[in-house]
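Below is target.cif, which holds mmCIF, C-alpha atoms.
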```
data_start
loop_
_atom_site.label_atom_id
_atom_site.label_comp_id
_atom_site.auth_asym_id
_atom_site.auth_seq_id
_atom_site.Cartn_x
_atom_site.Cartn_y
_atom_site.Cartn_z
CA MET K 1 -0.40 5.06 -28.45
CA LYS K 2 0.83 2.07 -26.46
CA ILE K 3 -0.97 1.84 -23.13
CA LEU K 4 -0.01 -0.34 -20.17
CA SER K 5 -3.30 -0.62 -18.28
CA ILE K 6 -2.95 -2.05 -14.78
CA CYS K 7 -5.58 -3.62 -12.56
CA SER K 8 -5.82 -6.00 -9.63
CA VAL K 9 -5.78 -9.75 -10.15
CA GLU K 10 -9.18 -9.78 -8.40
CA TYR K 11 -11.19 -7.04 -10.11
CA ASN K 12 -11.39 -4.03 -12.50
CA TYR K 13 -10.26 -5.98 -15.59
CA GLN K 14 -13.14 -4.65 -17.71
CA GLN K 15 -12.30 -1.06 -16.72
CA ALA K 16 -8.62 -1.61 -17.47
CA LYS K 17 -9.48 -3.06 -20.87
CA GLY K 18 -12.12 -0.41 -21.53
CA ILE K 19 -9.83 2.58 -20.96
CA ILE K 20 -7.53 1.28 -23.70
CA LYS K 21 -10.51 1.41 -26.05
CA TRP K 22 -11.54 4.88 -24.88
CA LEU K 23 -8.03 6.26 -25.43
CA ASN K 24 -7.63 4.58 -28.83
CA GLY K 25 -4.74 2.45 -27.65
CA ASP K 26 -2.99 0.52 -30.42
CA ASN K 27 -2.78 -3.24 -30.83
CA GLU K 28 0.34 -3.43 -28.67
CA SER K 29 -1.45 -1.97 -25.65
CA MET K 30 -2.05 -4.50 -22.90
CA VAL K 31 -3.69 -5.11 -19.53
CA LEU K 32 -1.41 -6.19 -16.69
CA LYS K 33 -2.97 -7.82 -13.62
CA ILE K 34 -0.93 -7.51 -10.43
CA PRO K 35 -1.48 -8.54 -6.78
CA ASN K 36 -3.30 -6.21 -4.41
CA ILE K 37 -1.95 -4.22 -1.53
CA LYS K 38 -5.11 -3.58 0.47
CA ASN K 39 -3.47 -1.60 3.28
CA ILE K 40 -2.75 1.99 2.26
CA ILE K 41 0.00 2.32 4.90
CA VAL K 42 1.83 -0.61 3.29
CA SER K 43 1.37 1.06 -0.10
CA TYR K 44 3.02 4.27 1.11
CA LEU K 45 5.77 2.28 2.82
CA LEU K 46 6.50 0.56 -0.48
CA LEU K 47 6.70 3.92 -2.26
CA PHE K 48 8.96 5.33 0.46
CA LEU K 49 11.37 2.39 0.19
CA TYR K 50 11.42 2.55 -3.59
CA PHE K 51 12.03 6.29 -3.93
CA THR K 52 14.61 6.45 -1.11
CA ILE K 53 16.58 3.28 -1.90
CA PHE K 54 15.71 1.54 -5.16
CA ARG K 55 14.72 4.28 -7.63
CA CYS K 56 18.15 4.27 -9.28
CA TYR K 57 17.95 0.57 -10.13
CA LYS K 58 16.31 -0.59 -13.35
CA PHE K 59 14.51 -3.85 -12.70
CA VAL K 60 11.40 -3.64 -14.93
CA HIS K 61 11.73 -4.62 -18.59
CA PHE K 62 9.14 -5.00 -21.34
CA GLU K 63 9.70 -5.97 -24.96
CA LYS K 64 7.77 -2.87 -26.09
CA ASP K 65 7.98 0.78 -25.12
CA PHE K 66 4.78 2.12 -23.58
CA ASP K 67 3.63 5.72 -23.78
CA VAL K 68 1.56 5.82 -20.60
CA VAL K 69 0.54 3.72 -17.59
CA ILE K 70 -3.15 3.74 -16.64
CA VAL K 71 -4.16 2.33 -13.26
CA THR K 72 -7.59 1.22 -12.03
CA GLY K 73 -8.13 0.54 -8.33
CA LYS K 74 -6.41 1.94 -5.23
CA SER K 75 -4.94 -1.45 -4.26
CA VAL K 76 -2.50 -1.32 -7.19
CA ILE K 77 -1.64 2.40 -7.17
CA ALA K 78 1.73 2.15 -5.44
CA GLN K 79 2.89 -0.70 -7.68
CA SER K 80 1.76 1.22 -10.78
CA ILE K 81 3.59 4.40 -9.73
CA ILE K 82 6.79 2.36 -9.44
CA LEU K 83 6.23 0.71 -12.83
CA ALA K 84 5.59 4.08 -14.49
CA HIS K 85 8.77 5.50 -12.94
CA GLN K 86 10.75 2.47 -14.12
CA LEU K 87 9.37 2.90 -17.63
CA ASN K 88 9.84 6.69 -17.51
CA VAL K 89 6.28 7.38 -18.68
CA PRO K 90 3.38 9.37 -17.16
CA ILE K 91 0.76 7.66 -15.02
CA CYS K 92 -3.00 8.25 -15.11
CA SER K 93 -5.85 6.79 -13.10
CA VAL K 94 -9.37 5.64 -13.83
CA GLN K 95 -11.72 7.00 -11.16
CA LYS K 96 -10.41 8.65 -8.01
CA PRO K 97 -8.31 6.33 -5.84
CA PHE K 98 -9.04 7.00 -2.19
CA GLY K 99 -6.00 8.06 -0.19
CA PHE K 100 -3.83 9.18 -3.12
CA PRO K 101 -3.65 12.89 -4.11
CA SER K 102 -4.56 13.85 -7.66
CA TYR K 103 -1.18 15.55 -8.31
CA LEU K 104 0.45 12.11 -8.51
CA PHE K 105 -1.26 11.57 -11.87
CA LYS K 106 -1.02 13.27 -15.24
CA TYR K 107 -4.78 12.79 -15.68
CA GLN K 108 -7.61 11.17 -13.76
CA PHE K 109 -10.60 9.92 -15.76
CA ILE K 110 -13.45 10.20 -13.26
CA PRO K 111 -17.21 9.71 -13.76
CA TYR K 112 -19.22 12.72 -12.64
CA HIS K 113 -20.67 10.77 -9.72
CA ASP K 114 -17.17 10.40 -8.24
CA ILE K 115 -16.19 14.08 -8.52
CA LYS K 116 -16.76 16.24 -5.48
CA GLY K 117 -17.30 19.87 -6.43
CA GLU K 118 -15.47 21.25 -9.46
CA PRO K 119 -12.86 18.97 -11.08
CA SER K 120 -9.23 20.03 -10.67
CA GLY K 121 -7.07 20.74 -13.68
CA ASN K 122 -5.96 17.17 -14.28
CA GLN K 123 -9.36 15.54 -13.59
CA ILE K 124 -11.26 14.64 -16.76
CA PRO K 125 -14.98 14.07 -16.08
CA THR K 126 -16.65 11.18 -17.90
CA LEU K 127 -20.37 10.52 -18.23
CA ILE K 128 -20.07 6.81 -17.49
CA ALA K 129 -17.57 4.47 -15.90
CA PRO K 130 -15.29 2.94 -18.57
CA ASN K 131 -15.78 -0.67 -19.58
CA SER K 132 -14.97 -2.83 -22.59
CA LEU K 133 -18.50 -3.45 -23.90
CA GLU K 134 -19.27 -2.74 -27.55
CA TYR K 135 -22.15 -1.00 -29.32
CA VAL K 136 -24.89 -3.52 -30.14
CA ASP K 137 -26.92 -3.27 -33.34
CA SER K 138 -30.49 -2.63 -32.22
CA LYS K 139 -31.83 -5.11 -34.81
CA THR K 140 -30.32 -8.01 -32.85
CA ARG K 141 -32.14 -7.22 -29.62
CA GLU K 142 -35.09 -9.36 -28.49
CA LYS K 143 -38.45 -8.65 -26.85
CA THR K 144 -37.14 -9.03 -23.32
CA ILE K 145 -37.23 -6.70 -20.32
CA SER K 146 -34.20 -7.26 -18.12
CA LEU K 147 -34.16 -5.87 -14.59
CA PHE K 148 -30.69 -5.33 -13.12
CA ILE K 149 -30.67 -5.20 -9.33
CA GLY K 150 -27.85 -3.70 -7.27
CA GLY K 151 -27.70 -3.94 -3.51
CA GLU K 152 -26.34 -2.47 -0.32
CA VAL K 153 -24.13 0.62 -0.63
CA HIS K 154 -21.63 1.32 2.19
CA GLY K 155 -23.50 -1.02 4.54
CA LYS K 156 -26.82 0.79 4.13
CA LYS K 157 -29.74 -1.66 4.33
CA PHE K 158 -31.20 -2.32 0.89
CA ASP K 159 -34.84 -1.31 0.39
CA SER K 160 -36.31 -4.05 -1.80
CA GLU K 161 -39.81 -2.61 -2.05
CA PRO K 162 -39.32 -0.46 -5.21
CA VAL K 163 -37.71 -3.43 -6.96
CA LEU K 164 -40.50 -5.85 -6.01
CA ASN K 165 -43.13 -3.30 -7.03
CA THR K 166 -41.48 -2.93 -10.44
CA ILE K 167 -41.41 -6.70 -10.94
CA ASN K 168 -45.09 -7.00 -10.06
CA VAL K 169 -46.09 -4.15 -12.38
CA ILE K 170 -44.25 -5.75 -15.32
CA LYS K 171 -45.58 -9.27 -14.62
CA ASN K 172 -49.18 -8.08 -14.31
CA ASN K 173 -49.30 -5.62 -17.19
CA ILE K 174 -46.80 -6.48 -19.92
CA LYS K 175 -47.53 -9.73 -21.72
CA ASP K 176 -45.64 -9.36 -25.00
CA PHE K 177 -42.17 -9.20 -23.38
CA GLN K 178 -40.29 -11.81 -21.38
CA LEU K 179 -39.08 -10.70 -17.93
CA ASN K 180 -35.46 -11.41 -17.07
CA ILE K 181 -33.88 -10.71 -13.64
CA VAL K 182 -30.17 -10.09 -13.07
CA THR K 183 -28.81 -9.75 -9.52
CA SER K 184 -25.38 -8.59 -8.37
CA ARG K 185 -22.95 -9.58 -5.64
CA ARG K 186 -24.53 -6.90 -3.44
CA THR K 187 -28.14 -8.05 -3.83
CA PRO K 188 -29.52 -9.20 -0.44
CA ASN K 189 -30.22 -12.93 -0.09
CA ASP K 190 -33.78 -12.36 1.10
CA LEU K 191 -34.61 -10.50 -2.12
CA ILE K 192 -32.98 -13.21 -4.23
CA GLU K 193 -35.13 -15.77 -2.41
CA LYS K 194 -38.33 -13.83 -3.20
CA ILE K 195 -37.65 -13.70 -6.94
CA LYS K 196 -36.06 -17.12 -7.44
CA ASP K 197 -39.16 -18.58 -9.13
CA ILE K 198 -39.02 -16.18 -12.09
CA ASP K 199 -37.95 -18.06 -15.22
CA ASN K 200 -35.09 -16.07 -16.68
CA THR K 201 -34.72 -15.78 -20.44
CA TYR K 202 -30.92 -15.54 -20.42
CA ASP K 203 -28.30 -17.54 -18.59
CA SER K 204 -25.75 -14.75 -18.30
CA TYR K 205 -25.42 -11.06 -17.59
CA MET K 206 -23.73 -10.51 -20.94
CA ASP K 207 -26.60 -12.12 -22.84
CA ALA K 208 -29.09 -9.94 -20.95
CA ILE K 209 -27.20 -6.72 -21.59
CA ASN K 210 -26.56 -7.44 -25.28
CA LYS K 211 -29.93 -8.94 -26.25
CA SER K 212 -32.64 -7.18 -24.21
CA GLN K 213 -34.69 -4.43 -25.86
CA ILE K 214 -35.54 -2.85 -22.49
CA ILE K 215 -33.27 -2.75 -19.43
CA ILE K 216 -34.23 -1.37 -16.03
CA VAL K 217 -31.54 -0.72 -13.41
CA SER K 218 -31.81 0.15 -9.72
CA ASP K 219 -30.28 3.56 -9.03
CA ASP K 220 -27.59 2.25 -6.67
CA SER K 221 -25.50 0.63 -9.45
CA PHE K 222 -23.75 3.21 -11.62
CA CYS K 223 -21.51 0.48 -13.02
CA MET K 224 -24.45 -1.48 -14.50
CA ILE K 225 -26.05 1.75 -15.77
CA SER K 226 -22.77 2.59 -17.52
CA GLU K 227 -22.51 -0.84 -19.08
CA VAL K 228 -26.03 -0.67 -20.50
CA ILE K 229 -25.31 2.74 -22.05
CA GLN K 230 -22.06 1.52 -23.57
CA THR K 231 -23.97 -1.21 -25.44
CA GLY K 232 -26.04 1.53 -27.08
CA LEU K 233 -29.24 1.36 -25.03
CA LYS K 234 -30.88 3.93 -22.76
CA PRO K 235 -31.75 2.20 -19.47
CA TYR K 236 -34.73 2.97 -17.26
CA ILE K 237 -33.82 3.78 -13.65
CA ILE K 238 -35.76 2.64 -10.58
CA THR K 239 -35.67 5.31 -7.88
CA THR K 240 -34.93 3.66 -4.53
CA ASN K 241 -33.77 4.69 -1.08
CA ASN K 242 -30.49 2.89 -1.68
CA SER K 243 -28.62 5.49 -3.72
CA THR K 244 -26.13 8.08 -2.40
CA PRO K 245 -25.86 11.82 -3.11
CA LYS K 246 -22.85 11.19 -5.38
CA LEU K 247 -24.69 8.51 -7.35
CA LYS K 248 -27.68 10.81 -7.71
CA ASN K 249 -25.42 13.53 -9.12
CA GLY K 250 -24.09 11.11 -11.73
CA ILE K 251 -27.61 9.99 -12.66
CA GLU K 252 -28.77 13.60 -13.00
CA LYS K 253 -25.89 14.21 -15.43
CA LEU K 254 -26.96 11.21 -17.51
CA LEU K 255 -30.52 12.55 -17.54
CA GLU K 256 -29.22 15.94 -18.68
CA TYR K 257 -27.58 14.23 -21.68
CA ASN K 258 -30.75 12.22 -22.40
CA LEU K 259 -28.99 8.88 -21.81
CA ILE K 260 -31.49 7.47 -19.28
CA ASN K 261 -35.18 7.56 -18.39
CA PHE K 262 -36.81 7.00 -15.02
CA PHE K 263 -39.23 4.10 -14.65
CA THR K 264 -42.60 5.53 -13.64
CA THR K 265 -45.36 3.33 -15.05
CA TYR K 266 -45.42 0.27 -17.29
CA ASP K 267 -46.93 2.17 -20.22
CA ASN K 268 -43.87 4.44 -20.56
CA LEU K 269 -41.58 1.47 -21.25
CA LYS K 270 -40.32 1.27 -24.82
CA PHE K 271 -37.26 0.27 -26.77
CA LEU K 272 -34.78 3.21 -26.62
CA PRO K 273 -31.61 2.55 -28.64
CA ILE K 274 -28.95 5.26 -28.74
CA ASN K 275 -28.19 6.25 -32.33
CA ARG K 276 -24.58 5.84 -33.39
CA LYS K 277 -23.79 9.56 -33.75
CA GLU K 278 -25.19 10.30 -30.29
CA TYR K 279 -23.30 7.30 -28.93
CA ASP K 280 -19.94 8.43 -30.33
CA ASN K 281 -20.35 11.81 -28.62
CA ILE K 282 -20.63 10.17 -25.19
CA PHE K 283 -16.97 9.36 -24.89
CA GLY K 284 -15.26 12.36 -26.45
CA ASN K 285 -11.76 12.21 -27.84
CA PHE K 286 -9.72 11.62 -24.71
CA SER K 287 -6.74 10.41 -26.74
CA LYS K 288 -6.05 14.00 -27.85
CA LEU K 289 -4.81 14.68 -24.29
CA PHE K 290 -1.60 12.77 -24.95
#
```
Represent the structure of the file as structure tokens.
Amino acid sequence: MKILSICSVEYNYQQAKGIIKWLNGDNESMVLKIPNIKNIIVSYLLLFLYFTIFRCYKFVHFEKDFDVVIVTGKSVIAQSIILAHQLNVPICSVQKPFGFPSYLFKYQFIPYHDIKGEPSGNQIPTLIAPNSLEYVDSKTREKTISLFIGGEVHGKKFDSEPVLNTINVIKNNIKDFQLNIVTSRRTPNDLIEKIKDIDNTYDSYMDAINKSQIIIVSDDSFCMISEVIQTGLKPYIITTNNSTPKLKNGIEKLLEYNLINFFTTYDNLKFLPINRKEYDNIFGNFSKLF
């Protein structure tokens, strides 16, 4: 299956690349980055102009014939709908783009934490958010504990106390592992200042996620939790006051499938790789939908 996966020039590239992998796209599948339209009114105006005036004109040409268009991110929905119409192929979305009804899409691949109530007929629930990371052989992982810290969600003030407590517990009680801290764009500056003196083992997020034997993630970052799982490792989750009801629903689903553990005390920390058979069952065979 040839997939044209579309994302913004600014973000969502890993999701756009990852959904090709999830759907078993062939070698001619590709990711197309296009400029954002951040105003939903402008997006609908573009669609109105296209379908009332320009829909009869063929102005999009590719050297290959695609079977489906997949779009990630609401800022490129209108452009992707037009491209799919020009190519005469169905369009699907990754996650649930705010402001656009589900009937516009053949399928929507939505993590459980983004689904409100029961999924509609064309909404396909996924355990994690798609990304392009690969399964990592557990033998290559090192004796490092990496702590991934999220940050503010929807402007809600970030409670740093659970994170700082976790860091102190690990530093004071676990001597045979190195501690590695990874912050995100949402992590508050005052928290970053408090932990700046910790000597990190790895220079990059990718090294931390691919090499650490134990990874702990704050419960406000479903994206980082998903990425850890997709590398074949069960993360430990720090319970904070920063999560949302939807995020908690997604985390409960992961717990139901035994893909995470909650961090409680230092003596429950251990290396928890996901075996390959269990790992392959996470994603299902979404390609059979097409």
request  = For the structure provided, state which residues fall under the PyMOL selection byres ((chain K and resi 233) around 7), and present them as a list of chain:residue names.
outcome  =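 Checked against the file, the PyMOL selection byres ((chain K and resi 233) around 7) matches K:Val228, K:Ile229, K:Thr231, K:Gly232, K:Lys234, K:Pro235, K:Leu272, K:Pro273, K:Ile274.
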(message) I want to know what sits within 7 Å of K:Ile34, based on only C-alpha atoms, with residues of the same chain fewer than 2 positions away left out; could you give that as number ranges by chain?
(response) K: 7-9, 32, 36
- Task: Could you expand the PyMOL selection byres ((chain K and resi 290) around 12) into the explicit residues it covers here, written as a ChimeraX atom specification?
- Result: /K:1-3,23-25,67-69,89-92,106-107,285-289
Selection under test: the PyMOL selection byres ((chain K and resi 205) around 12); residues as a PDB file with C-alpha atoms, in the frame of the given file:
```
ATOM      1  CA  SER K 146     -34.200  -7.260 -18.120  1.00  0.00           C
ATOM      2  CA  LEU K 147     -34.160  -5.870 -14.590  1.00  0.00           C
ATOM      3  CA  PHE K 148     -30.690  -5.330 -13.120  1.00  0.00           C
ATOM      4  CA  ILE K 149     -30.670  -5.200  -9.330  1.00  0.00           C
ATOM      5  CA  ASN K 180     -35.460 -11.410 -17.070  1.00  0.00           C
ATOM      6  CA  ILE K 181     -33.880 -10.710 -13.640  1.00  0.00           C
ATOM      7  CA  VAL K 182     -30.170 -10.090 -13.070  1.00  0.00           C
ATOM      8  CA  THR K 183     -28.810  -9.750  -9.520  1.00  0.00           C
ATOM      9  CA  SER K 184     -25.380  -8.590  -8.370  1.00  0.00           C
ATOM     10  CA  ASN K 200     -35.090 -16.070 -16.680  1.00  0.00           C
ATOM     11  CA  THR K 201     -34.720 -15.780 -20.440  1.00  0.00           C
ATOM     12  CA  TYR K 202     -30.920 -15.540 -20.420  1.00  0.00           C
ATOM     13  CA  ASP K 203     -28.300 -17.540 -18.590  1.00  0.00           C
ATOM     14  CA  SER K 204     -25.750 -14.750 -18.300  1.00  0.00           C
ATOM     15  CA  MET K 206     -23.730 -10.510 -20.940  1.00  0.00           C
ATOM     16  CA  ASP K 207     -26.600 -12.120 -22.840  1.00  0.00           C
ATOM     17  CA  ALA K 208     -29.090  -9.940 -20.950  1.00  0.00           C
ATOM     18  CA  ILE K 209     -27.200  -6.720 -21.590  1.00  0.00           C
ATOM     19  CA  ASN K 210     -26.560  -7.440 -25.280  1.00  0.00           C
ATOM     20  CA  LYS K 211     -29.930  -8.940 -26.250  1.00  0.00           C
ATOM     21  CA  SER K 212     -32.640  -7.180 -24.210  1.00  0.00           C
ATOM     22  CA  ILE K 215     -33.270  -2.750 -19.430  1.00  0.00           C
ATOM     23  CA  MET K 224     -24.450  -1.480 -14.500  1.00  0.00           C
ATOM     24  CA  GLU K 227     -22.510  -0.840 -19.080  1.00  0.00           C
ATOM     25  CA  VAL K 228     -26.030  -0.670 -20.500  1.00  0.00           C
TER      26      VAL K 228
END
```
What is the atom CA of K:Ser5 to atom CA of K:Gly121 distance in Å?
->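 Straight-line distance from atom CA of K:Ser5 to atom CA of K:Gly121 works out to 22.2 Å.
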